[in-house]
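What follows is a short report on a single structure.
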Amino acid sequence: MGQSTIQAQDDLPVSEYLQALLDLEYQKAIQLTTKSNEDLFNKQARSLSKILFKSGQLSHRQLPIIKSGNQKETQILNLLQKGYYNLYYTPNEPETLKYFFEANEISKTIDNQSLKKITLLAILEFYHFEYAQTHSRYNKYLKEFESLAKTPIEKCWAQLYKLYFLYQSLQESDEQNIDETFLKLEEELSQLPKNHTFFALYNSIKAVQFEYKDNLDEALEKHRLVIESSKNKPFLNYLTFRSYIRISEIYFKKKEYNKGLEAIENAEHFTDKSNCLKDNIYINKFSSKHHQALGNYEKAYKLLNNSVVEQYELDYKDNSIQNSSLEIELQTAEKEKQILIEKEKKQQNRNIALGLGGGLITVSIIGFLLYKNTKKKQRIAEQEKELEIQKKEKLLKDQELNTIDAMIAGQEKERQRLASDLHDSVGATLATAKLQFSYLQKHKDQLETMDDLFQKTSKLLDDAYNEVRTMAHIKNSGVIAKNGLLPAVQKLAKNASNVNNLMIEVQDFGLTGRLENTLEIAIFRVVQELITNIIKHAKASEASISITQHKDSLSIIIEDNGIGFNPKKIIKNEGMGLTSIEKRVEHLEGTMEVDSTPGKGTSVLIDIPI
């Protein structure tokens, strides 16, 4: 590594800190900054370390972005913070690439090779992370990083990214190149400690190679090593998720479909909390394949339909960011030319006139070639855009048909649910009443307690009437949602009160205006499901619904004094529909926590961004 020109930054050992980032030792990097004085550079370094350590695995985006200073090294860390923050928490932001490019440009103007390598790795991570490569725009930065790589870990990074891009190019001619690159990577890995975090990355891509060559048992072993070595490392959660998904695919090839579904269930615990769209596509698509193989065709169709809709949304975002990235790259190319020209001017100590003349000619030629190249790329981009529009029109038509199918399926499910309620509740009560009447008819001249039996039979009919009336009120409560979320919840509480001697109280704080209509309906359905759970299962006498509107979020707390339960056991077995409710909340990008103890009631806390 190059000698740092900022070693004098108070007590922070800059070279050791940057080496910790390259070694994926983010906690060590955080400790180094904690032990040092609180200057601006140190704060920037600590914030960057925390963002890299969490890598998008936070429910709430609360990592601070420290403001930049005038010093170039501080500006680089600030730009890297912004770029990685966008990459993990606001994907598909074209500004991400701009931040990384600008950091790389500044690094070229200072004498610090380590910072230059860190910025090049950021650019390569963007290309690997954001969308599949069908071009070679990353190649320039990969070659530049390879030329700077001196230590074993730096050479490992170079070979790893080369493998990533070779696999993403999907060209058969790359197979020999892939094998050669693996040999180089394994040679450099032999110089690292056996417990180095980098081995998790190597095992992950090695498992892919084994799968590609149909060595399924070796692939399974590597994926399990990845899962084991990624524990307690949030920045490797994506590797754990990917390994579980690949394990499910291996079991599909082995025709062990139930094991494949179990692997997918494990993968769901490691989805990206800040952006779960891509992960949900994989979960729905692979689950659909296994259910289809098991003969669960209805469930397979629904899962496949969900993946198609999500894939359309992802394709739209990827197309947007590719177009934006191309524009940013062109702007950056122009800036890099300017930096090169400025460096050359500083070195020209002889014949200034001749140097300026040659520089002007060079700039003119470069400008002319760049103009022609830009026009050509614009034409290609326009053609690609036209094809994307046609593709999206077809997807929109398919989505419309899928939406109609989903609506019909939802109506059918609601009818089945209503029929089940009528059969299990009202049907049982009426059946008992019918038996009572039959008994009275057969023994009307022999009974001494005729009045008691008539009263009991009459009570059964009253119970049946009240059950039908209660069901109608609960089902009809959603109609009130058109008047707003709070009136709908209040109406729901009023209708559900006195059912099984239950009293429900509603409290609201700050909920003065209307929310977006679909959001209100979605939130109401969640509350309705939780109240239905209390009525059916809790055996509670009191319950409360608290809704608080903050500046950018809505907090909902639903409590009861019922019998309680074990949340882990219930969620694992998908009891009371809590898993379904949690999925709804996640779809709204919210969080849900269930706090319950047998015999001590239940509290459900929901936080939804608005």
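Just remember, in the structure tokens the first chain shown is A, the second B, etc., residues are 1-based per chain, and ligands are 1-based in the order shown.
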
Considering only C-alpha atoms, return as a PyMOL selection string whatever protein or nucleic-acid residues lie within 9 Å of range 595-604 of chain A, sequence-local ones (same chain, fewer than 2 positions apart) excluded. chain A and resi 530+538+540+556-567+592-593+606

Residues near Glu505 in chain A, cut-off 12 Å, only C-alpha atoms, skip fewer than 3 positions along chain, as a PyMOL selection string: chain A and resi 489-498+502+508+531+541-547+557-560

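Residues in contact with Glu256 in chain A at up to 10 Å, not including ones fewer than 5 positions away on its chain and judged by only C-alpha atoms, are Ser248, Glu249, Ile250, Tyr251, Leu261, His290, Ala293 and Leu294 of chain A.
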
What does the file look like for those residues with C-alpha atoms, as a PDB file, in the first residue's frame?
ATOM      1  CA  SER A 248     -33.059 -24.928  -2.771  1.00  0.00           C
ATOM      2  CA  GLU A 249     -32.175 -25.106  -6.489  1.00  0.00           C
ATOM      3  CA  ILE A 250     -29.782 -28.006  -5.871  1.00  0.00           C
ATOM      4  CA  TYR A 251     -32.499 -29.903  -4.011  1.00  0.00           C
ATOM      5  CA  LEU A 261     -38.848 -25.374   0.402  1.00  0.00           C
ATOM      6  CA  HIS A 290     -41.040 -26.568  -5.823  1.00  0.00           C
ATOM      7  CA  ALA A 293     -43.248 -30.164  -8.654  1.00  0.00           C
ATOM      8  CA  LEU A 294     -45.214 -31.223  -5.544  1.00  0.00           C
TER       9      LEU A 294
END

In Å, with one decimal, what is the gap from CA of Ala103 in chain A to CA of Lys116 in chain A? 8.4 Å

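Across the structure, CA of Leu430 in chain A and CA of Ile534 in chain A are spaced 24.4 Å apart.
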
Mind checking which residues fall within 10 Å of Phe286 in chain A, counting only C-alpha atoms, ignoring those fewer than 3 positions away in the same chain, and posting them as a PDB file with N, CA, C and O atoms, in the first residue's frame?
ATOM      1  N   ILE A 245     -30.822 -19.938  -1.248  1.00  0.00           N
ATOM      2  CA  ILE A 245     -31.552 -20.007  -2.516  1.00  0.00           C
ATOM      3  C   ILE A 245     -30.913 -21.042  -3.438  1.00  0.00           C
ATOM      4  O   ILE A 245     -31.599 -21.851  -4.083  1.00  0.00           O
ATOM      5  N   ARG A 246     -29.555 -21.034  -3.512  1.00  0.00           N
ATOM      6  CA  ARG A 246     -28.883 -22.009  -4.369  1.00  0.00           C
ATOM      7  C   ARG A 246     -29.064 -23.429  -3.837  1.00  0.00           C
ATOM      8  O   ARG A 246     -29.174 -24.385  -4.614  1.00  0.00           O
ATOM      9  N   SER A 248     -31.707 -24.520  -2.343  1.00  0.00           N
ATOM     10  CA  SER A 248     -33.059 -24.928  -2.771  1.00  0.00           C
ATOM     11  C   SER A 248     -33.051 -25.378  -4.226  1.00  0.00           C
ATOM     12  O   SER A 248     -33.743 -26.338  -4.594  1.00  0.00           O
ATOM     13  N   GLU A 249     -32.258 -24.713  -5.085  1.00  0.00           N
ATOM     14  CA  GLU A 249     -32.175 -25.106  -6.489  1.00  0.00           C
ATOM     15  C   GLU A 249     -31.487 -26.464  -6.646  1.00  0.00           C
ATOM     16  O   GLU A 249     -31.889 -27.279  -7.483  1.00  0.00           O
ATOM     17  N   PHE A 252     -33.890 -29.034  -5.811  1.00  0.00           N
ATOM     18  CA  PHE A 252     -34.846 -29.177  -6.910  1.00  0.00           C
ATOM     19  C   PHE A 252     -34.285 -30.124  -7.968  1.00  0.00           C
ATOM     20  O   PHE A 252     -34.999 -31.002  -8.486  1.00  0.00           O
ATOM     21  N   GLY A 260     -36.026 -28.411  -0.455  1.00  0.00           N
ATOM     22  CA  GLY A 260     -35.855 -27.150  -1.167  1.00  0.00           C
ATOM     23  C   GLY A 260     -36.704 -26.051  -0.574  1.00  0.00           C
ATOM     24  O   GLY A 260     -36.248 -24.907  -0.410  1.00  0.00           O
ATOM     25  N   LEU A 261     -37.957 -26.373  -0.220  1.00  0.00           N
ATOM     26  CA  LEU A 261     -38.848 -25.374   0.402  1.00  0.00           C
ATOM     27  C   LEU A 261     -38.327 -24.977   1.781  1.00  0.00           C
ATOM     28  O   LEU A 261     -38.442 -23.821   2.191  1.00  0.00           O
ATOM     29  N   ILE A 264     -35.692 -22.403   1.319  1.00  0.00           N
ATOM     30  CA  ILE A 264     -36.269 -21.101   0.982  1.00  0.00           C
ATOM     31  C   ILE A 264     -36.808 -20.416   2.236  1.00  0.00           C
ATOM     32  O   ILE A 264     -36.672 -19.196   2.409  1.00  0.00           O
ATOM     33  N   ASN A 280     -37.407 -11.008  -2.857  1.00  0.00           N
ATOM     34  CA  ASN A 280     -38.761 -11.551  -2.967  1.00  0.00           C
ATOM     35  C   ASN A 280     -38.980 -12.238  -4.308  1.00  0.00           C
ATOM     36  O   ASN A 280     -39.700 -13.238  -4.395  1.00  0.00           O
ATOM     37  N   ILE A 281     -38.377 -11.695  -5.373  1.00  0.00           N
ATOM     38  CA  ILE A 281     -38.502 -12.329  -6.692  1.00  0.00           C
ATOM     39  C   ILE A 281     -37.927 -13.738  -6.632  1.00  0.00           C
ATOM     40  O   ILE A 281     -38.552 -14.705  -7.093  1.00  0.00           O
ATOM     41  N   TYR A 282     -36.725 -13.872  -6.054  1.00  0.00           N
ATOM     42  CA  TYR A 282     -36.112 -15.200  -5.953  1.00  0.00           C
ATOM     43  C   TYR A 282     -36.964 -16.139  -5.103  1.00  0.00           C
ATOM     44  O   TYR A 282     -37.182 -17.299  -5.466  1.00  0.00           O
ATOM     45  N   ILE A 283     -37.434 -15.638  -3.950  1.00  0.00           N
ATOM     46  CA  ILE A 283     -38.221 -16.491  -3.045  1.00  0.00           C
ATOM     47  C   ILE A 283     -39.487 -16.982  -3.741  1.00  0.00           C
ATOM     48  O   ILE A 283     -39.813 -18.177  -3.725  1.00  0.00           O
ATOM     49  N   LYS A 289     -41.540 -23.101  -8.228  1.00  0.00           N
ATOM     50  CA  LYS A 289     -41.027 -24.307  -8.889  1.00  0.00           C
ATOM     51  C   LYS A 289     -41.230 -25.541  -8.018  1.00  0.00           C
ATOM     52  O   LYS A 289     -41.681 -26.593  -8.493  1.00  0.00           O
ATOM     53  N   HIS A 290     -40.919 -25.420  -6.727  1.00  0.00           N
ATOM     54  CA  HIS A 290     -41.040 -26.568  -5.823  1.00  0.00           C
ATOM     55  C   HIS A 290     -42.502 -26.970  -5.625  1.00  0.00           C
ATOM     56  O   HIS A 290     -42.824 -28.162  -5.625  1.00  0.00           O
ATOM     57  N   HIS A 291     -43.377 -25.976  -5.458  1.00  0.00           N
ATOM     58  CA  HIS A 291     -44.803 -26.292  -5.274  1.00  0.00           C
ATOM     59  C   HIS A 291     -45.397 -26.911  -6.540  1.00  0.00           C
ATOM     60  O   HIS A 291     -46.251 -27.803  -6.457  1.00  0.00           O
ATOM     61  N   GLN A 292     -44.964 -26.449  -7.683  1.00  0.00           N
ATOM     62  CA  GLN A 292     -45.437 -27.051  -8.929  1.00  0.00           C
ATOM     63  C   GLN A 292     -45.004 -28.510  -9.010  1.00  0.00           C
ATOM     64  O   GLN A 292     -45.782 -29.386  -9.399  1.00  0.00           O
ATOM     65  N   ALA A 300     -48.471 -22.556  -6.565  1.00  0.00           N
ATOM     66  CA  ALA A 300     -47.370 -22.296  -7.495  1.00  0.00           C
ATOM     67  C   ALA A 300     -47.716 -21.153  -8.436  1.00  0.00           C
ATOM     68  O   ALA A 300     -46.884 -20.287  -8.719  1.00  0.00           O
ATOM     69  N   LEU A 303     -47.555 -17.725  -6.556  1.00  0.00           N
ATOM     70  CA  LEU A 303     -46.168 -17.312  -6.314  1.00  0.00           C
ATOM     71  C   LEU A 303     -45.493 -16.842  -7.598  1.00  0.00           C
ATOM     72  O   LEU A 303     -44.765 -15.841  -7.613  1.00  0.00           O
ATOM     73  N   LEU A 304     -45.759 -17.561  -8.693  1.00  0.00           N
ATOM     74  CA  LEU A 304     -45.172 -17.166  -9.978  1.00  0.00           C
ATOM     75  C   LEU A 304     -45.716 -15.818 -10.424  1.00  0.00           C
ATOM     76  O   LEU A 304     -44.981 -14.976 -10.945  1.00  0.00           O
ATOM     77  N   SER A 307     -43.966 -13.092  -8.597  1.00  0.00           N
ATOM     78  CA  SER A 307     -42.597 -12.866  -9.093  1.00  0.00           C
ATOM     79  C   SER A 307     -42.604 -12.113 -10.416  1.00  0.00           C
ATOM     80  O   SER A 307     -41.723 -11.289 -10.669  1.00  0.00           O
TER      81      SER A 307
END

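Considering only C-alpha atoms, the residue among A:Leu440, A:Leu87, A:Ile608, A:Ile247 positioned nearest to Glu211 in chain A is A:Ile247.
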
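Secondary structure by DSSP on the backbone puts the following residues of range 527-601 of chain A in strand (DSSP E): Glu542, Ala543, Ser544, Ile545, Ser546, Ile547, Thr548, Gln549, Ser553, Leu554, Ser555, Ile556, Ile557, Ile558, Glu559, Asp560, Thr591, Met592, Glu593, Val594, Asp595 and Ser596 of chain A.
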
Please give the complete set of residues from range 86-268 of chain A that DSSP, run on the backbone, assigns to alpha helix (DSSP H), formatted as a PyMOL selection string. chain A and resi 86-89+95-107+113-130+139-148+152-169+175-189+198-212+216-229+237-253+257-267

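Using only C-alpha atoms for every distance, the candidate list A:Ser107, A:Asn203, A:Lys98, A:Leu52 yields A:Leu52 as the residue closest to Tyr85 in chain A.
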
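Nearest-residue note for Gln113 in chain A: choosing from A:Leu18, A:Leu80, A:Leu189, A:Leu40, the minimum distance belongs to A:Leu18, counting only C-alpha atoms.
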